[in-house]
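> Pasting in a structure now, in structure tokens, and then I'll have a few things to ask.
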Amino acid sequence: KILTTATFSSIILNRKYSAVKWRALLILSIGVLLFSEPLWNSDEAKLPTNENKMNVILGTAAVLTEVILSGFASIYFEKVIKTDVEQLNIWERNFQLALASFPVYLTFIAAYRGEEEGYFGGWSWVTFWLAFLGAAGGLLVALSIKYGDAILKTLATTGAIVLSALLDHAWLGGPLTAVMSLAGCIVVLAIFDYTFDPTPQTFNVAEILAKSSGSSEDIESLSCHEDIDMGKKS
């Protein structure tokens with residue numbers, strides 16, 4: 001998803017990333033892959049296909065489709081909230097997007113009838129708090145895209161994966177191998193490499209106007225390829 005998000009950002013938002021940033025994103029992807037070593041290097045994953053009942057081709061195709069659609073959705077959402085013609089705020093836009101999921105969830109709830117536990121079976125105060133934190137996390141993601149961008153949100157998510165694994169190891173006795181430790185260092189260095197890129201920044205004029213005035217007419221009147229290289233102008 002890291003690379004697909006950056007690719008769609010270049011295509012849809014006409015952003016230009018330096019070679020340093022592309023290198024950092026590639027290293028970051030490799031670091032995350034290595035960090036998940038306990039998953040793809042487990043005994044179950046090494047079993048023959050006919051024994052572990054896995055379809056490698058179908059599974060790979062499903063994962064690739066998911067990361068492509070997820071990267072596209074992140075960038076399209078960023079485009080909508082930053083160049084919004086209707087001028088909806090972040091709360092209204094989130095409610096609008098969540099509204100479409102209500103019929104889907106209600107259909108599944110009605111179809112399965114809560115299964116063995118029944119409606120709200122197994123829920124406790126801890127469960128409700130976790131659901132609340134999940135909803136609050138979704139709003140924070142939207143705010144990070146609104147005032148940052150989808151790439152920074154992806155970097156934060158990657159850092160959260162490493163932090164979650166460390167807490168899982170400290171509190172729940174989860175795995176923390178030498179490969180994971182090395183991969184965690186790679187992830188942190190890649191994030192710093194991306195953040196402190198010394199390459200002069202290139203700003204898109206339309207995006208600057210969108211952030212300052214939000215006028216869609218001004219944005220449409222400008223070419224998407226009109227960029228200001230701050231390094232040269234200075």
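In the structure tokens, each chain is lettered A, B, ... as it comes, each chain's residues begin at 1, and ligands are numbered from 1 in order of appearance.
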Give me, as a PyMOL selection string, all polymer residues having an atom no more than 7 Å from segment 148-160 of chain A, counting only C-alpha atoms and skipping those fewer than 6 positions away in the same chain.

chain A and resi 2+5-6+74-75+78+141+191

> I'd like the interatomic distance between atom CA of Ile27 of chain A and atom CA of Ala190 of chain A, to a tenth of an Å.

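Between atom CA of Ile27 of chain A and atom CA of Ala190 of chain A the gap works out to 6.1 Å.
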
> Report the distance between atom CA of Leu189 of chain A and atom CA of Leu28 of chain A in Å, rounded to one decimal place.

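About the pair atom CA of Leu189 of chain A and atom CA of Leu28 of chain A: they are 8.4 Å apart.
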
> Tell me, as a list in words, which residues lie within 8 Å of Lys21 of chain A, counting only C-alpha atoms; anything in the same chain fewer than 2 positions away does not count.

Tyr17, Ser18, Ala19, Arg23, Ala24, Leu25, Asp193, Tyr194 and Asp197 of chain A

> Which polymer residues have any atom within 12 Å of an atom of Gly138 of chain A, counting only C-alpha atoms, with same-chain residues fewer than 6 positions away left out, as JSON, numbers by chain?

{"A": [90, 91, 94, 95, 97, 98, 131, 132, 144, 145, 153, 157]}

> So that I can check the surroundings of segment 162-171 of chain A, please list as a ChimeraX atom specification every protein, DNA and RNA residue that reaches within 10 Å of it, counting only C-alpha atoms and ignoring chain neighbours fewer than 6 positions away.

/A:32,35-36,180-181,183-185,187-188

> DSSP on the backbone, then: every residue of segment 66-149 of chain A marked helix (DSSP H, G or I), written as number ranges by chain.

A: 66-82, 90-99, 102-112, 125-147

> At what distance in Å, to one decimal, does atom CA of Val104 of chain A lie from atom CA of Gly137 of chain A?

21.2 Å

> Rank A:Phe72, A:Ser42, A:Val56, A:Val80 by their smallest atom-to-atom distance to Leu3 of chain A, using only C-alpha atoms, and report the top residue only.

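Under the stated criterion, the closest residue is A:Phe72.
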